[in-house]
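Next comes final.cif, with mmCIF, C-alpha atoms.
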```
data_final
#
loop_
_atom_site.label_atom_id
_atom_site.label_comp_id
_atom_site.auth_asym_id
_atom_site.auth_seq_id
_atom_site.Cartn_x
_atom_site.Cartn_y
_atom_site.Cartn_z
CA MET A 1 16.02 36.84 9.12
CA VAL A 2 15.22 36.02 5.47
CA PHE A 3 17.31 32.89 5.83
CA ARG A 4 15.31 31.73 8.87
CA LYS A 5 12.03 32.33 7.07
CA GLU A 6 13.25 30.32 4.10
CA GLN A 7 14.51 27.61 6.44
CA ILE A 8 11.07 27.35 8.04
CA ILE A 9 9.38 27.06 4.64
CA VAL A 10 11.86 24.40 3.47
CA ASN A 11 11.42 22.44 6.73
CA PHE A 12 7.65 22.65 6.43
CA ILE A 13 7.58 21.46 2.80
CA THR A 14 10.02 18.62 3.52
CA SER A 15 7.91 17.48 6.45
CA LEU A 16 4.74 17.75 4.35
CA ILE A 17 6.28 15.45 1.74
CA LEU A 18 7.29 13.02 4.49
CA VAL A 19 3.78 13.07 5.98
CA VAL A 20 2.21 12.32 2.56
CA ARG A 21 4.78 9.55 1.92
CA ASN A 22 4.22 8.01 5.37
CA PHE A 23 0.47 8.19 4.86
CA PHE A 24 0.67 6.04 1.71
CA LEU A 25 3.23 3.72 3.29
CA LEU A 26 0.92 3.20 6.28
CA ILE A 27 -1.69 1.86 3.86
CA PHE A 28 0.67 -0.65 2.20
CA TYR A 29 3.33 -1.34 4.84
CA PRO A 30 1.85 -0.42 8.25
CA TYR A 31 4.32 -2.51 10.26
CA LYS A 32 7.56 -1.21 8.74
CA THR A 33 6.29 2.35 8.48
CA MET A 34 5.06 2.55 12.07
CA ARG A 35 8.39 1.14 13.24
CA LYS A 36 10.16 3.95 11.39
CA ILE A 37 7.71 6.58 12.64
CA SER A 38 8.32 5.51 16.24
CA LEU A 39 11.97 6.59 15.74
CA GLU A 40 11.00 9.90 14.12
CA LYS A 41 12.29 13.22 15.48
CA ASP A 42 10.85 15.80 13.06
CA HIS A 43 8.26 17.82 15.03
CA TRP A 44 6.95 19.59 11.93
CA GLN A 45 5.20 16.36 10.94
CA ILE A 46 3.09 16.40 14.11
CA LEU A 47 2.26 20.04 13.48
CA ILE A 48 1.08 19.21 9.94
CA ILE A 49 -1.13 16.33 11.16
CA PHE A 50 -2.65 18.53 13.87
CA LEU A 51 -3.23 21.29 11.30
CA LEU A 52 -5.14 18.78 9.16
CA VAL A 53 -7.26 17.92 12.20
CA PHE A 54 -7.92 21.61 12.84
CA PHE A 55 -8.98 22.14 9.19
CA TYR A 56 -11.40 19.25 9.55
CA PHE A 57 -12.98 20.88 12.64
CA LYS A 58 -13.29 24.16 10.72
CA LEU A 59 -15.03 22.33 7.87
CA SER A 60 -17.40 20.46 10.17
CA TYR A 61 -18.27 23.71 11.97
CA PHE A 62 -19.62 25.13 8.70
CA LEU A 63 -21.41 21.91 7.72
CA LYS A 64 -23.44 21.19 10.83
CA ASP A 65 -25.25 23.22 13.44
CA ASN A 66 -22.41 22.88 15.92
CA PRO A 67 -22.86 25.02 19.03
CA TYR A 68 -19.08 25.05 19.64
CA PRO A 69 -16.47 26.91 17.55
CA ALA A 70 -13.77 24.89 15.76
CA SER A 71 -11.01 26.09 18.07
CA PHE A 72 -12.95 24.86 21.12
CA THR A 73 -13.59 21.44 19.53
CA PHE A 74 -9.91 21.26 18.58
CA PHE A 75 -8.95 22.07 22.16
CA ALA A 76 -11.24 19.26 23.37
CA PHE A 77 -9.59 16.93 20.85
CA LEU A 78 -6.14 17.90 22.19
CA ILE A 79 -7.28 17.05 25.73
CA ASN A 80 -8.58 13.66 24.45
CA PHE A 81 -5.33 13.00 22.65
CA PHE A 82 -3.07 13.91 25.58
CA LEU A 83 -5.26 11.93 28.00
CA THR A 84 -5.00 8.87 25.74
CA ALA A 85 -1.23 9.19 25.19
CA GLY A 86 -0.65 9.93 28.90
CA PHE A 87 -2.80 7.00 29.99
CA PHE A 88 -0.91 4.48 27.84
CA TYR A 89 2.47 5.94 28.75
CA PHE A 90 1.99 6.00 32.52
CA LEU A 91 0.42 2.54 32.64
CA SER A 92 3.27 1.15 30.56
CA LYS A 93 5.65 2.69 33.10
CA LEU A 94 3.74 0.88 35.86
CA ILE A 95 3.90 -2.42 33.96
CA LYS A 96 7.62 -2.13 33.11
CA LYS A 97 9.02 -0.51 36.26
CA ASN A 98 12.72 -1.18 35.64
CA ASP A 99 12.66 -0.70 31.90
CA ASN A 100 13.27 2.78 30.48
CA SER A 101 12.79 1.83 26.81
CA ALA A 102 9.29 3.41 26.64
CA SER A 103 9.32 6.88 25.13
CA PHE A 104 6.52 9.44 25.34
CA LYS A 105 7.86 11.35 22.33
CA SER A 106 7.83 8.20 20.23
CA LEU A 107 4.30 7.39 21.40
CA PHE A 108 3.20 10.93 20.56
CA PHE A 109 4.60 10.64 17.02
CA SER A 110 3.11 7.23 16.30
CA LEU A 111 -0.29 8.04 17.84
CA SER A 112 -0.42 11.23 15.74
CA TYR A 113 0.05 9.15 12.60
CA SER A 114 -2.64 6.73 13.78
CA LEU A 115 -5.07 9.66 13.44
CA PHE A 116 -5.13 9.18 9.66
CA PRO A 117 -7.96 6.60 9.54
CA THR A 118 -9.98 8.83 11.91
CA LEU A 119 -9.38 11.87 9.69
CA ILE A 120 -10.34 9.98 6.52
CA TRP A 121 -13.54 8.66 8.12
CA PHE A 122 -14.66 12.03 9.48
CA GLU A 123 -13.77 13.89 6.26
CA SER A 124 -15.55 11.35 4.06
CA VAL A 125 -18.64 11.30 6.29
CA SER A 126 -18.74 15.11 6.11
CA LEU A 127 -18.63 14.93 2.31
CA LEU A 128 -21.28 12.19 2.24
CA TYR A 129 -23.44 14.42 4.45
CA LEU A 130 -23.44 16.90 1.55
CA ILE A 131 -23.81 14.38 -1.29
CA LEU A 132 -26.18 11.85 0.36
CA PRO A 133 -27.64 13.52 3.44
CA PRO A 134 -29.16 11.18 6.07
CA PRO A 135 -31.58 9.63 7.05
CA ARG A 136 -31.25 6.44 5.00
CA THR A 137 -34.35 4.55 3.88
CA THR A 138 -35.16 0.83 3.88
CA SER A 139 -35.29 0.68 0.06
CA ILE A 140 -32.87 -1.62 -1.82
CA LEU A 141 -30.59 1.34 -2.52
CA GLY A 142 -30.75 2.49 1.11
CA VAL A 143 -29.89 -0.98 2.45
CA SER A 144 -27.11 -1.48 -0.12
CA PHE A 145 -25.61 1.87 0.78
CA SER A 146 -25.88 1.00 4.48
CA ILE A 147 -23.99 -2.28 3.99
CA PHE A 148 -21.35 -0.45 1.98
CA PHE A 149 -21.08 2.32 4.59
CA ILE A 150 -20.76 -0.13 7.49
CA ALA A 151 -18.11 -2.12 5.57
CA TYR A 152 -16.24 1.12 4.79
CA SER A 153 -16.38 2.29 8.42
CA LEU A 154 -15.37 -1.14 9.72
CA SER A 155 -12.36 -1.37 7.40
CA LEU A 156 -11.13 2.04 8.57
CA LEU A 157 -11.73 1.03 12.19
CA LEU A 158 -9.67 -2.15 11.70
CA TRP A 159 -6.88 -0.16 10.06
CA LYS A 160 -7.02 2.26 12.99
CA LEU A 161 -6.79 -0.61 15.51
CA ILE A 162 -3.76 -2.04 13.68
CA LEU A 163 -2.04 1.36 13.69
CA VAL A 164 -2.76 2.02 17.38
CA PHE A 165 -1.57 -1.48 18.28
CA LEU A 166 1.67 -0.93 16.36
CA ALA A 167 2.09 2.56 17.82
CA ILE A 168 1.89 1.19 21.37
CA ARG A 169 4.01 -1.85 20.54
CA PHE A 170 6.91 0.10 19.02
CA SER A 171 6.81 3.13 21.30
CA LEU A 172 6.22 1.45 24.64
CA ARG A 173 7.78 -1.95 23.75
CA LEU A 174 4.86 -3.91 25.24
CA SER A 175 3.79 -7.48 24.46
CA PHE A 176 0.49 -8.54 22.87
CA TYR A 177 -1.18 -9.39 26.19
CA GLN A 178 0.01 -6.20 27.85
CA ILE A 179 -1.43 -4.12 24.98
CA LEU A 180 -4.77 -5.95 25.17
CA TYR A 181 -4.83 -5.36 28.92
CA LEU A 182 -4.13 -1.63 28.44
CA TRP A 183 -6.87 -1.39 25.79
CA PHE A 184 -9.34 -3.03 28.18
CA LEU A 185 -8.43 -0.56 30.95
CA TYR A 186 -8.61 2.31 28.45
CA LEU A 187 -12.15 1.37 27.37
CA ILE A 188 -13.31 1.28 31.00
CA TRP A 189 -12.91 5.04 31.31
CA PHE A 190 -13.10 6.04 27.65
CA ILE A 191 -16.62 4.69 26.99
CA PRO A 192 -18.28 6.73 29.81
CA TYR A 193 -16.10 9.70 28.80
CA SER A 194 -17.33 9.42 25.19
CA ILE A 195 -20.94 9.27 26.41
CA LEU A 196 -20.30 12.44 28.40
CA LEU A 197 -18.89 14.15 25.28
CA TYR A 198 -21.98 12.98 23.37
CA GLN A 199 -24.30 14.39 26.05
CA VAL A 200 -22.66 17.83 25.88
CA LYS A 201 -22.85 17.58 22.04
CA LEU A 202 -19.10 17.96 21.62
CA PHE A 203 -18.42 14.70 19.75
CA ARG A 204 -21.16 12.33 18.55
CA VAL A 205 -18.49 9.82 17.51
CA PRO A 206 -15.30 10.25 19.55
CA PHE A 207 -12.51 11.78 17.47
CA ILE A 208 -9.50 9.75 18.56
CA MET B 1 32.39 -0.37 3.55
CA LYS B 2 32.13 1.70 6.70
CA THR B 3 28.96 3.38 5.40
CA ALA B 4 27.42 0.00 4.53
CA ASN B 5 28.24 -1.25 8.02
CA PHE B 6 26.69 1.83 9.56
CA TYR B 7 23.44 1.41 7.59
CA LEU B 8 23.33 -2.32 8.37
CA LYS B 9 23.76 -1.63 12.09
CA LYS B 10 21.10 1.08 11.94
CA LYS B 11 18.70 -1.26 10.14
CA MET B 12 19.38 -4.11 12.57
CA LYS B 13 18.74 -1.77 15.49
CA GLU B 14 15.45 -0.70 13.90
CA VAL B 15 14.32 -4.27 13.12
CA PHE B 16 15.06 -5.53 16.63
CA ILE B 17 13.40 -2.57 18.33
CA VAL B 18 10.95 -5.01 20.01
CA GLU B 19 11.21 -8.60 21.11
CA PRO B 20 9.11 -11.13 19.16
CA ASN B 21 5.71 -11.75 20.72
CA ASP B 22 5.29 -14.92 22.74
CA LEU B 23 1.71 -15.79 23.71
CA ASN B 24 2.88 -18.57 26.08
CA ILE B 25 0.98 -21.30 24.18
CA ASP B 26 2.74 -22.60 21.06
CA PHE B 27 -0.48 -22.95 19.07
CA LEU B 28 -1.51 -19.35 19.86
CA THR B 29 1.97 -17.98 19.11
CA ASN B 30 2.01 -19.74 15.73
CA PHE B 31 -1.51 -18.54 14.93
CA TYR B 32 -0.56 -14.97 15.93
CA LYS B 33 2.54 -15.04 13.71
CA LYS B 34 0.59 -16.39 10.76
CA ALA B 35 -2.28 -13.91 11.18
CA THR B 36 -0.04 -10.87 11.65
CA SER B 37 2.10 -11.77 8.63
CA TYR B 38 -0.95 -10.99 6.46
CA LEU B 39 -1.58 -7.71 8.28
CA LYS B 40 1.99 -6.40 8.19
CA THR B 41 1.90 -5.68 4.45
CA THR B 42 -1.14 -4.54 2.46
CA PRO B 43 -3.64 -5.38 5.23
CA PHE B 44 -6.53 -4.06 3.12
CA ILE B 45 -6.43 -7.24 0.99
CA ILE B 46 -7.78 -8.99 4.11
CA ILE B 47 -9.60 -6.08 5.74
CA ILE B 48 -11.86 -5.05 2.82
CA PRO B 49 -13.41 -8.50 2.05
CA PHE B 50 -13.73 -9.15 5.80
CA SER B 51 -15.53 -5.82 6.33
CA PHE B 52 -17.95 -6.45 3.46
CA LEU B 53 -18.73 -9.92 4.82
CA ALA B 54 -19.20 -8.43 8.29
CA GLY B 55 -21.53 -5.73 6.84
CA LEU B 56 -23.58 -8.38 5.07
CA PHE B 57 -23.63 -10.54 8.20
CA ILE B 58 -24.84 -7.59 10.31
CA TYR B 59 -27.65 -7.02 7.79
CA LEU B 60 -28.65 -10.70 7.82
CA ILE B 61 -28.70 -10.82 11.63
CA PHE B 62 -30.11 -7.39 12.54
CA GLY B 63 -32.04 -6.53 9.34
CA TYR B 64 -33.09 -2.93 8.96
CA LEU B 65 -31.25 -1.92 12.13
CA ILE B 66 -28.22 -1.50 9.86
CA VAL B 67 -30.04 1.41 8.16
CA ARG B 68 -30.60 3.09 11.53
CA LEU B 69 -26.97 2.52 12.47
CA THR B 70 -25.81 4.10 9.21
CA THR B 71 -28.10 7.09 9.73
CA LEU B 72 -26.73 7.49 13.27
CA LEU B 73 -23.13 7.30 12.04
CA GLN B 74 -23.81 9.71 9.20
CA TYR B 75 -24.87 12.30 11.77
CA GLY B 76 -21.79 11.42 13.80
CA PHE B 77 -19.15 13.63 12.22
#
```
Can the structure from this file be put into C-alpha coordinates for me?
Amino acid sequence: MVFRKEQIIVNFITSLILVVRNFFLLIFYPYKTMRKISLEKDHWQILIIFLLVFFYFKLSYFLKDNPYPASFTFFAFLINFFLTAGFFYFLSKLIKKNDNSASFKSLFFSLSYSLFPTLIWFESVSLLYLILPPPRTTSILGVSFSIFFIAYSLSLLLWKLILVFLAIRFSLRLSFYQILYLWFLYLIWFIPYSILLYQVKLFRVPFI
Amino acid sequence: MKTANFYLKKKMKEVFIVEPNDLNIDFLTNFYKKATSYLKTTPFIIIIPFSFLAGLFIYLIFGYLIVRLTTLLQYGF
(Lines of atoms letter the chains of each structure in order from A and count residues from 1; the text may use other names and numbers.)
(Lines give C-alpha, C1' and ligand atoms only; values in the text may rest on other atoms or scores of the structure.)
Protein backbone atom coordinates (compact mmCIF):
# COMPACT_ATOMS: atom_id res chain seq x y z
CA MET A 1 0.00 0.00 0.00
CA VAL A 2 2.88 2.32 0.95
CA PHE A 3 4.57 1.38 -2.31
CA ARG A 4 1.48 2.35 -4.34
CA LYS A 5 1.23 5.69 -2.56
CA GLU A 6 4.89 6.38 -3.27
CA GLN A 7 4.42 5.28 -6.87
CA ILE A 8 1.56 7.76 -7.28
CA ILE A 9 3.65 10.60 -5.84
CA VAL A 10 6.62 9.73 -8.08
CA ASN A 11 4.35 9.53 -11.16
CA PHE A 12 2.76 12.85 -10.28
CA ILE A 13 6.09 14.65 -9.79
CA THR A 14 7.55 13.17 -12.99
CA SER A 15 4.50 14.28 -14.95
CA LEU A 16 4.65 17.73 -13.35
CA ILE A 17 8.26 18.12 -14.50
CA LEU A 18 7.24 16.99 -18.00
CA VAL A 19 4.34 19.47 -18.07
CA VAL A 20 6.65 22.35 -17.06
CA ARG A 21 9.26 21.25 -19.63
CA ASN A 22 6.66 20.94 -22.40
CA PHE A 23 5.25 24.33 -21.47
CA PHE A 24 8.62 26.03 -22.07
CA LEU A 25 9.26 23.96 -25.19
CA LEU A 26 5.88 25.02 -26.59
CA ILE A 27 7.06 28.62 -26.38
CA PHE A 28 10.33 28.00 -28.25
CA TYR A 29 9.63 24.92 -30.38
CA PRO A 30 5.84 24.64 -30.80
CA TYR A 31 6.01 22.41 -33.89
CA LYS A 32 8.37 19.74 -32.55
CA THR A 33 6.86 19.80 -29.08
CA MET A 34 3.26 19.46 -30.25
CA ARG A 35 4.31 16.58 -32.50
CA LYS A 36 5.78 14.82 -29.46
CA ILE A 37 2.77 15.65 -27.29
CA SER A 38 0.43 14.10 -29.87
CA LEU A 39 2.22 10.78 -29.22
CA GLU A 40 2.04 11.16 -25.43
CA LYS A 41 0.49 8.46 -23.24
CA ASP A 42 0.98 9.79 -19.70
CA HIS A 43 -2.50 10.65 -18.36
CA TRP A 44 -1.12 12.39 -15.27
CA GLN A 45 -0.11 15.31 -17.46
CA ILE A 46 -3.73 15.95 -18.48
CA LEU A 47 -4.76 15.74 -14.84
CA ILE A 48 -2.14 18.36 -13.89
CA ILE A 49 -3.27 20.75 -16.66
CA PHE A 50 -6.91 20.35 -15.63
CA LEU A 51 -5.95 20.92 -11.99
CA LEU A 52 -4.28 24.20 -13.04
CA VAL A 53 -7.51 25.18 -14.79
CA PHE A 54 -9.53 24.32 -11.67
CA PHE A 55 -7.19 26.44 -9.49
CA TYR A 56 -7.71 29.34 -11.86
CA PHE A 57 -11.52 29.04 -11.50
CA LYS A 58 -11.12 28.97 -7.71
CA LEU A 59 -9.01 32.14 -7.87
CA SER A 60 -11.44 33.94 -10.17
CA TYR A 61 -14.36 32.98 -7.91
CA PHE A 62 -12.75 34.92 -5.05
CA LEU A 63 -11.77 37.87 -7.24
CA LYS A 64 -15.05 38.71 -8.92
CA ASP A 65 -18.69 38.65 -7.96
CA ASN A 66 -19.29 35.37 -9.74
CA PRO A 67 -22.74 33.91 -9.09
CA TYR A 68 -21.48 30.38 -9.87
CA PRO A 69 -19.11 28.29 -7.71
CA ALA A 70 -15.73 27.27 -9.14
CA SER A 71 -16.70 23.61 -9.45
CA PHE A 72 -19.74 24.56 -11.57
CA THR A 73 -17.65 26.81 -13.85
CA PHE A 74 -15.08 24.02 -14.15
CA PHE A 75 -17.83 21.58 -15.09
CA ALA A 76 -19.01 24.03 -17.79
CA PHE A 77 -15.42 24.28 -19.03
CA LEU A 78 -15.21 20.47 -19.24
CA ILE A 79 -18.39 20.41 -21.34
CA ASN A 80 -16.87 23.11 -23.63
CA PHE A 81 -13.66 21.17 -23.92
CA PHE A 82 -15.29 17.82 -24.69
CA LEU A 83 -17.68 19.45 -27.18
CA THR A 84 -14.73 21.05 -28.97
CA ALA A 85 -12.60 17.88 -29.01
CA GLY A 86 -15.61 15.75 -30.02
CA PHE A 87 -16.60 18.16 -32.79
CA PHE A 88 -13.14 18.13 -34.39
CA TYR A 89 -12.77 14.37 -33.97
CA PHE A 90 -16.11 13.36 -35.46
CA LEU A 91 -15.86 15.80 -38.36
CA SER A 92 -12.36 14.55 -39.14
CA LYS A 93 -13.81 11.03 -39.20
CA LEU A 94 -16.41 12.24 -41.71
CA ILE A 95 -13.73 13.87 -43.87
CA LYS A 96 -11.37 10.86 -43.79
CA LYS A 97 -13.81 7.95 -43.89
CA ASN A 98 -11.35 5.17 -44.77
CA ASP A 99 -8.45 6.48 -42.73
CA ASN A 100 -8.09 5.35 -39.11
CA SER A 101 -5.00 7.45 -38.33
CA ALA A 102 -7.01 10.05 -36.33
CA SER A 103 -6.86 9.47 -32.59
CA PHE A 104 -9.15 11.00 -29.98
CA LYS A 105 -6.65 10.35 -27.19
CA SER A 106 -3.94 12.17 -29.10
CA LEU A 107 -6.31 15.07 -29.81
CA PHE A 108 -7.25 15.20 -26.13
CA PHE A 109 -3.58 15.40 -25.08
CA SER A 110 -2.62 18.06 -27.60
CA LEU A 111 -5.75 20.18 -27.03
CA SER A 112 -5.08 20.06 -23.27
CA TYR A 113 -1.63 21.50 -23.85
CA SER A 114 -3.10 24.17 -26.12
CA LEU A 115 -4.89 25.47 -23.01
CA PHE A 116 -1.66 27.09 -21.81
CA PRO A 117 -2.07 30.43 -23.65
CA THR A 118 -5.68 30.58 -22.38
CA LEU A 119 -4.54 29.91 -18.81
CA ILE A 120 -1.78 32.54 -19.00
CA TRP A 121 -4.19 35.15 -20.39
CA PHE A 122 -6.90 34.53 -17.80
CA GLU A 123 -4.42 34.36 -14.89
CA SER A 124 -2.65 37.55 -15.96
CA VAL A 125 -5.92 39.42 -16.51
CA SER A 126 -7.03 38.35 -13.02
CA LEU A 127 -3.79 39.73 -11.57
CA LEU A 128 -4.12 42.94 -13.59
CA TYR A 129 -7.66 43.28 -12.23
CA LEU A 130 -6.06 43.57 -8.78
CA ILE A 131 -3.09 45.76 -9.76
CA LEU A 132 -4.76 48.02 -12.37
CA PRO A 133 -8.52 47.60 -11.99
CA PRO A 134 -10.66 48.69 -14.98
CA PRO A 135 -12.12 50.92 -16.43
CA ARG A 136 -9.27 52.43 -18.45
CA THR A 137 -9.20 56.15 -19.21
CA THR A 138 -8.41 58.06 -22.41
CA SER A 139 -5.28 59.65 -20.89
CA ILE A 140 -1.86 58.98 -22.49
CA LEU A 141 -1.14 56.31 -19.89
CA GLY A 142 -4.58 54.73 -20.39
CA VAL A 143 -4.18 54.59 -24.18
CA SER A 144 -0.58 53.29 -23.93
CA PHE A 145 -1.68 50.58 -21.55
CA SER A 146 -4.58 49.71 -23.87
CA ILE A 147 -2.25 49.30 -26.86
CA PHE A 148 0.07 47.16 -24.75
CA PHE A 149 -2.83 45.07 -23.43
CA ILE A 150 -4.29 44.49 -26.91
CA ALA A 151 -0.83 43.54 -28.25
CA TYR A 152 -0.33 41.17 -25.30
CA SER A 153 -3.76 39.55 -25.79
CA LEU A 154 -3.26 39.29 -29.55
CA SER A 155 0.14 37.62 -29.21
CA LEU A 156 -1.32 35.01 -26.84
CA LEU A 157 -4.27 34.51 -29.20
CA LEU A 158 -1.89 33.92 -32.14
CA TRP A 159 0.14 31.46 -30.06
CA LYS A 160 -3.10 29.71 -29.14
CA LEU A 161 -4.15 29.49 -32.81
CA ILE A 162 -0.77 28.00 -33.75
CA LEU A 163 -1.04 25.41 -30.97
CA VAL A 164 -4.63 24.44 -31.84
CA PHE A 165 -3.69 24.20 -35.53
CA LEU A 166 -0.76 21.92 -34.69
CA ALA A 167 -2.88 19.89 -32.26
CA ILE A 168 -5.46 19.17 -34.97
CA ARG A 169 -2.81 18.61 -37.64
CA PHE A 170 -0.81 16.04 -35.67
CA SER A 171 -3.69 14.29 -33.94
CA LEU A 172 -6.19 14.10 -36.77
CA ARG A 173 -3.64 14.17 -39.65
CA LEU A 174 -5.63 16.78 -41.61
CA SER A 175 -4.36 19.15 -44.30
CA PHE A 176 -4.26 22.96 -44.09
CA TYR A 177 -7.52 23.45 -46.02
CA GLN A 178 -9.33 20.76 -44.06
CA ILE A 179 -8.31 22.42 -40.77
CA LEU A 180 -9.46 25.84 -41.99
CA TYR A 181 -12.77 24.30 -43.06
CA LEU A 182 -13.22 22.67 -39.63
CA TRP A 183 -12.40 25.97 -37.88
CA PHE A 184 -15.02 27.75 -40.00
CA LEU A 185 -17.66 25.13 -39.11
CA TYR A 186 -16.59 25.30 -35.46
CA LEU A 187 -17.07 29.08 -35.32
CA ILE A 188 -20.58 28.76 -36.78
CA TRP A 189 -21.83 27.09 -33.61
CA PHE A 190 -19.22 28.30 -31.13
CA ILE A 191 -19.91 32.04 -31.53
CA PRO A 192 -23.67 31.77 -30.68
CA TYR A 193 -22.75 29.29 -27.92
CA SER A 194 -20.26 31.81 -26.45
CA ILE A 195 -22.92 34.54 -26.57
CA LEU A 196 -25.27 32.22 -24.69
CA LEU A 197 -22.57 31.61 -22.04
CA TYR A 198 -22.08 35.40 -21.81
CA GLN A 199 -25.83 35.95 -21.36
CA VAL A 200 -26.01 33.48 -18.46
CA LYS A 201 -22.86 35.16 -17.01
CA LEU A 202 -20.87 31.94 -17.04
CA PHE A 203 -17.97 33.10 -19.25
CA ARG A 204 -17.52 36.69 -20.46
CA VAL A 205 -14.62 35.57 -22.64
CA PRO A 206 -14.93 31.89 -23.60
CA PHE A 207 -12.39 29.75 -21.75
CA ILE A 208 -11.22 27.38 -24.47
CA MET B 1 24.08 -0.18 -33.21
CA LYS B 2 20.71 -1.80 -32.68
CA THR B 3 19.75 0.90 -30.16
CA ALA B 4 20.82 3.66 -32.58
CA ASN B 5 18.73 2.04 -35.31
CA PHE B 6 15.75 1.81 -32.99
CA TYR B 7 15.98 5.51 -32.04
CA LEU B 8 16.46 6.52 -35.69
CA LYS B 9 13.38 4.53 -36.72
CA LYS B 10 11.40 6.03 -33.85
CA LYS B 11 12.49 9.55 -34.82
CA MET B 12 11.71 8.96 -38.50
CA LYS B 13 8.26 7.67 -37.57
CA GLU B 14 7.68 10.78 -35.46
CA VAL B 15 8.92 13.21 -38.13
CA PHE B 16 6.78 11.65 -40.87
CA ILE B 17 3.67 11.51 -38.72
CA VAL B 18 1.89 13.79 -41.25
CA GLU B 19 2.25 14.31 -44.96
CA PRO B 20 3.66 17.69 -46.07
CA ASN B 21 0.98 20.26 -46.80
CA ASP B 22 0.12 20.88 -50.43
CA LEU B 23 -2.09 23.92 -51.10
CA ASN B 24 -2.60 22.91 -54.76
CA ILE B 25 -1.08 26.15 -56.11
CA ASP B 26 2.73 26.21 -56.19
CA PHE B 27 2.97 29.86 -55.18
CA LEU B 28 0.69 29.30 -52.16
CA THR B 29 2.51 26.12 -51.12
CA ASN B 30 5.88 27.91 -51.26
CA PHE B 31 4.49 30.88 -49.33
CA TYR B 32 2.98 28.54 -46.71
CA LYS B 33 6.29 26.70 -46.28
CA LYS B 34 8.23 29.93 -45.94
CA ALA B 35 5.75 31.48 -43.49
CA THR B 36 5.45 28.37 -41.30
CA SER B 37 9.23 27.93 -41.13
CA TYR B 38 9.33 31.14 -39.06
CA LEU B 39 6.50 29.95 -36.82
CA LYS B 40 7.84 26.45 -36.13
CA THR B 41 10.65 27.70 -33.88
CA THR B 42 10.50 30.72 -31.56
CA PRO B 43 7.30 32.13 -33.14
CA PHE B 44 7.27 35.01 -30.63
CA ILE B 45 10.07 36.74 -32.57
CA ILE B 46 7.42 37.32 -35.27
CA ILE B 47 4.30 37.35 -33.10
CA ILE B 48 5.31 40.08 -30.61
CA PRO B 49 6.30 42.82 -33.13
CA PHE B 50 3.28 41.91 -35.26
CA SER B 51 0.94 42.21 -32.25
CA PHE B 52 2.35 45.59 -31.24
CA LEU B 53 1.97 46.88 -34.80
CA ALA B 54 -1.58 45.51 -34.88
CA GLY B 55 -2.34 47.20 -31.52
CA LEU B 56 -1.01 50.50 -32.82
CA PHE B 57 -2.93 50.07 -36.08
CA ILE B 58 -6.17 49.39 -34.17
CA TYR B 59 -5.60 52.59 -32.17
CA LEU B 60 -4.93 54.62 -35.33
CA ILE B 61 -8.06 53.28 -37.06
CA PHE B 62 -10.55 53.06 -34.18
CA GLY B 63 -9.10 55.66 -31.76
CA TYR B 64 -10.42 55.56 -28.23
CA LEU B 65 -12.49 52.45 -28.95
CA ILE B 66 -9.32 50.53 -28.05
CA VAL B 67 -9.70 51.81 -24.47
CA ARG B 68 -13.27 50.50 -24.32
CA LEU B 69 -12.15 47.18 -25.76
CA THR B 70 -9.42 46.88 -23.13
CA THR B 71 -11.88 47.71 -20.35
CA LEU B 72 -14.27 45.07 -21.70
CA LEU B 73 -11.51 42.46 -21.88
CA GLN B 74 -10.25 43.34 -18.41
CA TYR B 75 -13.68 42.46 -17.04
CA GLY B 76 -13.62 39.31 -19.15
CA PHE B 77 -11.78 36.89 -16.89
With distances taken over all atoms listed in the file, which of A:Leu132, A:Leu51, A:Ala85, A:Val164 is nearest to chain B?
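Selected residue with least distance to chain B: A:Leu132.
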Neighbours of chain B in chain A at 8 Å, counting all atoms listed in the file, as a PyMOL selection string
chain A and resi 27-32+35-36+60+122+125-126+128-129+133-138+142-143+146-152+154-155+158-159+169-170+173+175-177+203-205
When you draw a straight line from CA of Phe50 (chain A) to CA of Leu180 (chain A), how long is it in Å?
27.0 Å
Between A:Lys97, A:Arg4, A:Lys201, A:Ser106, smallest distance to Pro67 (chain A) by all atoms listed in the file belongs to A:Lys201
Tell me, as a list in words, which residues lie within 10 Å of Lys96 (chain A), counting all atoms listed in the file; anything in the same chain fewer than 6 positions away does not count.
Phe90, Ala102, Leu172, Arg173 and Leu174 of chain A
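Excluding Phe190 (chain A) itself and any same-chain residue fewer than 3 positions from it, the protein and nucleic acid residues within 12 Å of it, counting all atoms listed in the file, are Asn80, Phe81, Leu83, Thr84, Phe87, Leu182, Trp183, Phe184, Leu185, Tyr186, Leu187, Tyr193, Ser194, Ile195, Leu196, Leu197, Pro206, Phe207 and Ile208 of chain A.
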For a test of reading the model, state the distance in Å between CA of Ser71 (chain A) and CA of Pro117 (chain A), rounded to one decimal.
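About the pair CA of Ser71 (chain A) and CA of Pro117 (chain A): they are 21.5 Å apart.
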Between CA of Ser124 (chain A) and CA of Phe77 (chain A), what is the distance in Å, rounded to a tenth?
18.7 Å
